[in-house]
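File shown: coords12.cif (mmCIF, C-alpha atoms).
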data_query
#
loop_
_atom_site.label_atom_id
_atom_site.label_comp_id
_atom_site.auth_asym_id
_atom_site.auth_seq_id
_atom_site.Cartn_x
_atom_site.Cartn_y
_atom_site.Cartn_z
CA MET A 1 -3.92 -29.79 2.55
CA ASN A 2 -0.31 -28.72 3.07
CA PRO A 3 0.28 -25.09 4.04
CA VAL A 4 1.50 -22.65 1.38
CA ARG A 5 5.28 -22.27 1.73
CA ILE A 6 6.23 -18.59 1.50
CA GLY A 7 9.59 -16.95 0.89
CA LEU A 8 9.92 -13.39 2.20
CA VAL A 9 11.98 -10.93 0.17
CA GLY A 10 13.14 -7.93 2.20
CA VAL A 11 13.38 -8.12 5.99
CA GLY A 12 12.81 -4.53 7.06
CA LYS A 13 10.44 -2.80 9.47
CA ILE A 14 7.19 -3.61 7.63
CA ALA A 15 8.20 -7.26 7.21
CA ARG A 16 8.99 -7.68 10.91
CA ASP A 17 6.05 -5.63 12.18
CA GLN A 18 3.35 -7.03 9.90
CA HIS A 19 4.23 -9.73 7.37
CA ILE A 20 6.07 -12.21 9.59
CA PRO A 21 3.45 -12.18 12.40
CA SER A 22 0.59 -12.40 9.89
CA ILE A 23 2.07 -15.43 8.13
CA ALA A 24 2.76 -17.08 11.51
CA GLY A 25 -0.85 -16.51 12.56
CA ASN A 26 -2.36 -18.18 9.49
CA PRO A 27 -2.50 -22.01 9.69
CA GLY A 28 -2.69 -22.25 5.91
CA LEU A 29 0.67 -20.53 5.45
CA VAL A 30 4.21 -21.10 6.62
CA LEU A 31 7.25 -18.87 6.33
CA ALA A 32 9.90 -21.18 4.88
CA ALA A 33 12.68 -18.83 3.74
CA ALA A 34 13.82 -15.22 3.68
CA ALA A 35 16.06 -13.17 1.39
CA SER A 36 17.82 -10.02 2.56
CA ARG A 37 21.24 -8.46 2.14
CA HIS A 38 21.40 -7.16 5.70
CA ALA A 39 18.98 -9.10 7.93
CA GLN A 40 17.83 -12.61 8.79
CA VAL A 41 14.70 -14.26 10.17
CA ASP A 42 15.14 -16.78 12.97
CA GLY A 43 14.00 -20.33 12.33
CA VAL A 44 13.97 -20.28 8.52
CA ALA A 45 16.51 -20.64 5.74
CA ASN A 46 18.09 -17.28 4.96
CA TYR A 47 19.62 -16.15 1.66
CA PRO A 48 21.39 -12.96 0.50
CA SER A 49 19.14 -12.45 -2.54
CA ILE A 50 15.92 -13.60 -4.15
CA GLU A 51 17.95 -15.38 -6.80
CA ALA A 52 19.78 -17.40 -4.14
CA MET A 53 16.51 -18.11 -2.31
CA LEU A 54 14.72 -19.41 -5.39
CA GLU A 55 17.73 -21.58 -6.22
CA GLY A 56 18.21 -22.86 -2.68
CA ALA A 57 14.54 -23.37 -1.80
CA PRO A 58 12.87 -24.61 -5.00
CA ASP A 59 9.88 -26.02 -3.05
CA LEU A 60 8.56 -22.55 -2.20
CA ASP A 61 4.98 -22.00 -3.37
CA ALA A 62 4.88 -18.22 -3.08
CA VAL A 63 6.97 -15.11 -2.56
CA ALA A 64 6.04 -12.01 -0.56
CA ILE A 65 8.01 -8.97 -1.74
CA CYS A 66 8.63 -6.33 0.93
CA THR A 67 11.61 -4.48 -0.53
CA PRO A 68 11.59 -0.79 -1.53
CA PRO A 69 9.37 -0.31 -4.61
CA GLN A 70 12.33 0.27 -6.92
CA LEU A 71 13.11 -3.46 -6.60
CA HIS A 72 9.58 -4.88 -6.85
CA TYR A 73 9.29 -5.38 -10.59
CA GLU A 74 12.47 -7.42 -11.13
CA ALA A 75 11.82 -9.53 -8.02
CA ALA A 76 8.22 -10.26 -8.99
CA LYS A 77 9.16 -11.05 -12.60
CA LEU A 78 11.81 -13.53 -11.42
CA ALA A 79 9.45 -15.20 -8.95
CA LEU A 80 6.72 -15.61 -11.56
CA ALA A 81 9.23 -17.03 -14.03
CA LYS A 82 10.08 -19.65 -11.38
CA GLY A 83 6.41 -20.58 -11.02
CA LYS A 84 5.76 -18.85 -7.69
CA HIS A 85 2.67 -16.95 -6.59
CA VAL A 86 3.52 -13.33 -5.72
CA LEU A 87 2.33 -10.89 -3.08
CA LEU A 88 3.50 -7.28 -3.50
CA GLU A 89 3.73 -4.81 -0.64
CA LYS A 90 2.61 -1.32 -1.60
CA PRO A 91 3.55 0.79 -3.54
CA PRO A 92 3.54 -1.86 -6.26
CA CYS A 93 6.17 -0.73 -8.79
CA THR A 94 7.79 2.45 -10.04
CA SER A 95 5.66 2.55 -13.18
CA VAL A 96 2.13 1.66 -14.23
CA LEU A 97 3.45 -0.24 -17.25
CA GLN A 98 5.58 -2.46 -15.01
CA LEU A 99 2.54 -3.44 -12.97
CA GLU A 100 0.45 -4.09 -16.08
CA HIS A 101 3.22 -6.31 -17.45
CA LEU A 102 3.36 -8.31 -14.21
CA VAL A 103 -0.38 -8.96 -14.56
CA ARG A 104 0.24 -10.45 -18.01
CA LEU A 105 3.18 -12.52 -16.75
CA ALA A 106 1.09 -13.93 -13.88
CA LYS A 107 -1.71 -14.86 -16.27
CA ASP A 108 0.71 -16.56 -18.66
CA ALA A 109 2.28 -18.49 -15.75
CA ASP A 110 -1.12 -19.41 -14.25
CA ARG A 111 0.01 -17.96 -10.93
CA THR A 112 -1.54 -15.54 -8.46
CA LEU A 113 -0.41 -11.91 -8.38
CA TYR A 114 -1.79 -10.00 -5.44
CA GLN A 115 -1.13 -6.29 -5.18
CA THR A 116 -1.88 -5.39 -1.58
CA TRP A 117 -3.35 -2.13 -0.29
CA HIS A 118 -3.43 -2.63 3.46
CA SER A 119 -5.55 0.46 4.18
CA GLN A 120 -8.40 -1.02 2.12
CA HIS A 121 -8.56 -3.74 4.81
CA ALA A 122 -9.03 -1.27 7.68
CA PRO A 123 -12.28 -2.18 9.47
CA GLY A 124 -14.09 1.11 8.88
CA VAL A 125 -13.58 1.07 5.12
CA ALA A 126 -16.06 -1.67 4.17
CA ARG A 127 -18.88 -0.09 6.18
CA ALA A 128 -18.09 3.36 4.78
CA ALA A 129 -18.26 1.88 1.27
CA ARG A 130 -21.73 0.48 1.96
CA LEU A 131 -22.95 3.82 3.33
CA LEU A 132 -21.49 5.87 0.49
CA SER A 133 -23.10 3.58 -2.09
CA GLY A 134 -26.49 4.98 -0.99
CA ARG A 135 -25.43 8.63 -0.80
CA LYS A 136 -24.25 11.30 -3.22
CA LEU A 137 -20.73 12.48 -2.47
CA ARG A 138 -20.33 16.25 -2.61
CA ARG A 139 -16.87 16.78 -1.18
CA ALA A 140 -14.06 14.86 0.50
CA ARG A 141 -11.03 16.05 2.42
CA VAL A 142 -7.98 13.88 3.14
CA THR A 143 -5.59 14.80 5.95
CA TRP A 144 -2.66 12.35 5.94
CA LYS A 145 0.18 13.65 8.10
CA GLU A 146 2.87 11.59 9.78
CA ASP A 147 6.49 11.70 10.93
CA VAL A 148 8.80 10.10 8.37
CA ARG A 149 11.50 9.75 11.03
CA GLN A 150 9.18 7.46 13.00
CA TRP A 151 7.94 5.28 10.14
CA HIS A 152 10.98 5.26 7.82
CA PRO A 153 14.01 5.93 10.03
CA GLY A 154 17.19 6.25 8.01
CA GLN A 155 15.59 4.87 4.85
CA ARG A 156 17.18 6.89 2.05
CA TRP A 157 15.43 4.93 -0.71
CA ILE A 158 12.22 6.82 -0.06
CA TRP A 159 13.89 10.07 -1.19
CA GLN A 160 15.48 8.59 -4.31
CA GLU A 161 13.97 8.27 -7.79
CA GLY A 162 11.05 5.85 -7.62
CA GLY A 163 10.89 6.06 -3.82
CA PHE A 164 7.50 7.87 -3.78
CA GLY A 165 8.37 10.20 -0.86
CA VAL A 166 5.18 11.34 0.87
CA PHE A 167 3.16 9.25 -1.58
CA ASP A 168 4.46 6.09 0.12
CA PRO A 169 1.92 6.75 2.92
CA GLY A 170 -0.28 9.00 0.80
CA ILE A 171 -1.07 6.18 -1.63
CA ASN A 172 -2.82 4.49 1.32
CA ALA A 173 -5.35 7.32 1.39
CA LEU A 174 -5.75 7.15 -2.38
CA SER A 175 -6.35 3.40 -2.14
CA ILE A 176 -9.19 4.03 0.31
CA LEU A 177 -10.70 6.60 -2.06
CA THR A 178 -10.57 4.15 -4.98
CA LYS A 179 -12.32 1.59 -2.77
CA LEU A 180 -15.07 4.01 -1.72
CA ILE A 181 -15.65 6.05 -4.88
CA PRO A 182 -16.77 3.70 -7.67
CA GLY A 183 -16.71 6.30 -10.42
CA ALA A 184 -13.76 8.00 -12.03
CA PHE A 185 -11.91 10.88 -10.41
CA PHE A 186 -8.88 12.78 -11.62
CA PRO A 187 -6.21 15.26 -10.44
CA ARG A 188 -7.14 18.87 -11.10
CA LYS A 189 -4.26 20.68 -9.43
CA ALA A 190 -1.31 19.70 -7.24
CA VAL A 191 1.68 21.28 -5.54
CA LEU A 192 4.57 19.04 -4.47
CA VAL A 193 7.01 20.21 -1.78
CA VAL A 194 10.45 18.76 -2.56
CA PRO A 195 13.53 19.19 -0.31
CA SER A 196 16.51 20.42 -2.29
CA ASN A 197 18.50 17.26 -1.48
CA CYS A 198 15.69 14.83 -2.38
CA GLN A 199 14.18 13.50 -5.60
CA THR A 200 10.71 12.88 -4.15
CA PRO A 201 8.22 15.14 -2.32
CA ILE A 202 8.03 15.47 1.45
CA ALA A 203 4.56 17.06 1.29
CA ALA A 204 1.78 17.65 -1.23
CA GLU A 205 -1.44 19.63 -1.60
CA LEU A 206 -3.87 18.01 -4.02
CA GLU A 207 -7.14 18.93 -5.67
CA LEU A 208 -9.08 16.17 -7.44
CA GLU A 209 -12.54 16.00 -8.96
CA SER A 210 -14.88 13.12 -9.66
CA ASP A 211 -16.55 12.71 -13.02
CA ASP A 212 -19.87 13.81 -11.49
CA GLY A 213 -18.42 16.95 -9.90
CA ALA A 214 -17.51 15.95 -6.33
CA GLU A 215 -14.44 17.82 -5.08
CA ILE A 216 -11.62 16.00 -3.29
CA PHE A 217 -8.86 17.84 -1.43
CA ALA A 218 -5.83 16.17 0.13
CA SER A 219 -3.05 17.43 2.40
CA LEU A 220 -0.14 15.00 2.68
CA ASP A 221 2.83 15.79 4.92
CA PHE A 222 5.82 13.71 6.05
CA ARG A 223 7.11 16.48 8.37
CA HIS A 224 4.36 16.12 10.97
CA THR A 225 5.27 15.50 14.60
CA GLY A 226 3.09 14.65 17.60
CA VAL A 227 -0.18 12.82 17.05
CA GLN A 228 -0.20 11.18 13.63
CA THR A 229 -3.23 12.05 11.51
CA TRP A 230 -4.81 9.78 8.90
CA ASP A 231 -8.35 11.12 8.31
CA ILE A 232 -10.82 11.35 5.44
CA ASP A 233 -13.94 13.52 5.82
CA PHE A 234 -16.85 13.01 3.42
CA GLU A 235 -19.68 15.50 2.84
CA THR A 236 -22.74 13.78 1.35
CA ASP A 237 -26.36 14.63 0.60
CA ARG A 238 -27.35 12.70 3.75
CA GLY A 239 -24.83 14.10 6.18
CA PRO A 240 -21.12 13.68 6.97
CA LEU A 241 -19.03 10.54 7.28
CA LYS A 242 -15.51 10.40 8.67
CA LEU A 243 -12.81 7.75 8.55
CA SER A 244 -9.99 8.29 11.03
CA SER A 245 -6.91 6.43 12.28
CA GLY A 246 -6.17 5.25 8.76
CA GLY A 247 -9.65 3.80 8.27
CA ALA A 248 -9.85 1.98 11.60
CA LYS A 249 -12.57 4.26 12.98
CA LEU A 250 -15.80 5.45 11.37
CA SER A 251 -18.07 8.30 12.42
CA ILE A 252 -21.56 8.77 10.99
CA ASP A 253 -23.17 12.19 11.26
CA GLY A 254 -20.60 13.07 13.92
CA ALA A 255 -21.25 10.00 16.09
CA ALA A 256 -18.44 7.46 16.44
CA VAL A 257 -19.23 3.87 15.56
CA PRO A 258 -17.82 1.52 18.25
CA SER A 259 -14.61 -0.11 17.07
CA ASP A 260 -11.75 -2.22 18.35
CA GLU A 261 -8.85 0.00 19.40
CA SER A 262 -6.43 -2.57 17.94
CA ALA A 263 -8.33 -2.75 14.66
CA LEU A 264 -5.41 -1.70 12.47
CA ALA A 265 -3.57 -4.80 13.65
CA GLY A 266 -6.02 -6.86 11.61
CA GLU A 267 -5.13 -5.39 8.21
CA TYR A 268 -2.23 -7.68 7.35
CA PRO A 269 -3.85 -10.89 8.65
CA SER A 270 -6.74 -10.01 6.32
CA ILE A 271 -4.30 -9.53 3.46
CA TYR A 272 -2.77 -12.96 3.99
CA ARG A 273 -6.19 -14.61 4.26
CA ARG A 274 -7.00 -13.06 0.91
CA PHE A 275 -3.68 -14.24 -0.55
CA ALA A 276 -4.38 -17.82 0.52
CA GLU A 277 -7.87 -17.65 -1.05
CA LEU A 278 -6.50 -16.30 -4.33
CA ILE A 279 -3.85 -19.02 -4.51
CA ALA A 280 -6.47 -21.72 -3.92
CA ARG A 281 -8.55 -20.31 -6.79
CA ARG A 282 -5.59 -19.56 -9.07
CA GLU A 283 -6.80 -15.97 -9.31
CA SER A 284 -5.07 -12.58 -9.20
CA ASP A 285 -6.16 -9.33 -7.58
CA VAL A 286 -4.48 -6.18 -8.83
CA ASP A 287 -6.01 -2.73 -8.34
CA ALA A 288 -3.82 -0.30 -10.28
CA ARG A 289 -5.94 2.82 -9.68
CA PRO A 290 -3.98 4.18 -6.68
CA LEU A 291 -0.71 3.92 -8.62
CA LYS A 292 -2.31 5.50 -11.69
CA LEU A 293 -3.52 8.40 -9.54
CA VAL A 294 -0.01 9.02 -8.21
CA ALA A 295 1.36 8.89 -11.77
CA ASP A 296 -1.25 11.39 -12.97
CA ILE A 297 -0.56 13.69 -10.02
CA LEU A 298 3.16 13.68 -10.81
CA LEU A 299 2.34 14.51 -14.45
CA THR A 300 0.22 17.54 -13.57
CA ALA A 301 1.85 18.92 -10.40
CA ALA A 302 3.85 22.06 -9.80
CA GLN A 303 6.94 21.72 -7.60
CA LEU A 304 8.10 23.90 -4.72
CA SER A 305 11.73 23.45 -3.67
CA VAL A 306 12.40 23.83 0.06
CA GLU A 307 15.29 23.41 2.51
CA PRO A 308 17.16 20.08 2.60
CA PHE A 309 15.77 17.24 4.67
CA GLU A 310 18.06 15.73 7.30
CA ASP A 311 17.02 12.45 8.91
#
This structure in structure tokens:
Amino acid sequence: MNPVRIGLVGVGKIARDQHIPSIAGNPGLVLAAAASRHAQVDGVANYPSIEAMLEGAPDLDAVAICTPPQLHYEAAKLALAKGKHVLLEKPPCTSVLQLEHLVRLAKDADRTLYQTWHSQHAPGVARAARLLSGRKLRRARVTWKEDVRQWHPGQRWIWQEGGFGVFDPGINALSILTKLIPGAFFPRKAVLVVPSNCQTPIAAELELESDDGAEIFASLDFRHTGVQTWDIDFETDRGPLKLSSGGAKLSIDGAAVPSDESALAGEYPSIYRRFAELIARRESDVDARPLKLVADILLTAAQLSVEPFED
């Protein structure tokens, strides 16, 4: 069987750090083209836009979209209209309705649409899900604090309308919660901290509640320096569980479960294995719950204006 020929749209930090190596490491896939206004990928055909790429490389089988989220919907719609399978980097779109419409377009085109949530592929998450399925969750606390200057240097789109701000990383934590908590949970109270020169929050304090009464608290902060913190603590009727390092490490009742220190490096290879499987089956995989949670939080939150942010 010939490898799936992929065109990459957006050649920024996440594409170079994760997508390009993951495609190269999968024998069932090949990176055949790239589209970017400002960057190129060595060894493949390069184009200034997705329109030019789809015109110049009509034999592409699939498109991986790694642009800022404000551009995802139009790019995905165009790729599906050209008969390509589509992988979306997170966050998926700037509205829930856009994502729901892409699902319908993919179904009509008989093409795969895969909305990726890389943190759901962290190695501790699957085991935590199995453990939580046999316990009653009483309380959860999310601590998701990182330095925006390290992870998004000079990227102004994240502070513009539709750029998500601190919810660009924070949606990773929400995606883990939707993977681990099978029942419904909803925002109860939220405070968003918004710099006076930005349209999106730089920090957030969240209170959520599950339908059966479990409390969920989350502290998200893009201003954090030093050691980056991506932890979720669970209190259950059979003792505590803890996911740390973005889901790479799991602790049960305070005891760490042995894990590979490079485990996070396996998230994107897992994503691309899943993409190849979905294409072979002509199936889609779209979990909209993390995006819906962010939308609901924005609907219910109070805002606190603070000093301007300077990158």
How close does region 240-298 of chain A get to region 195-212 of chain A? List, as JSON lines, each residue of region 240-298 of chain A within 12 Å, its nearest atom pair and the distance in Å to one decimal, counting all atoms listed in the file.
{"residue": "A:Leu293", "atom": "CA", "partner": "A:Leu208", "partner_atom": "CA", "distance": 9.8}
{"residue": "A:Val294", "atom": "CA", "partner": "A:Leu206", "partner_atom": "CA", "distance": 10.6}
{"residue": "A:Asp296", "atom": "CA", "partner": "A:Leu208", "partner_atom": "CA", "distance": 10.7}
{"residue": "A:Ile297", "atom": "CA", "partner": "A:Leu206", "partner_atom": "CA", "distance": 8.1}
{"residue": "A:Leu298", "atom": "CA", "partner": "A:Pro201", "partner_atom": "CA", "distance": 10.0}
Could you write out the selected residues, including C-alpha atoms, as a PDB file, in the frame of the given file?
ATOM      1  CA  LEU A 293      -3.520   8.400  -9.540  1.00  0.00           C
ATOM      2  CA  VAL A 294      -0.010   9.020  -8.210  1.00  0.00           C
ATOM      3  CA  ASP A 296      -1.250  11.390 -12.970  1.00  0.00           C
ATOM      4  CA  ILE A 297      -0.560  13.690 -10.020  1.00  0.00           C
ATOM      5  CA  LEU A 298       3.160  13.680 -10.810  1.00  0.00           C
TER       6      LEU A 298
END
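In this model, the gap between CA of Ala276 (chain A) and CA of Leu31 (chain A) comes to 13.0 Å.
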task: Find the residues around Pro153 (chain A) up to 12 Å (all atoms listed in the file counted), leave out those fewer than 3 positions away in its own chain, and share them as number ranges by chain.
output: A: 12-14, 147-150, 156-159, 222, 310-311
message: Counting all atoms listed in the file, which residue out of A:Ala106, A:Ile232, A:Ile176, A:Leu8 sits closest to Phe217 (chain A)?
response: A:Ile232
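Using only C-alpha atoms, the nearest neighbour of Val11 (chain A) within the list A:Pro308, A:Leu60, A:Pro68, A:Gly266 is A:Pro68.
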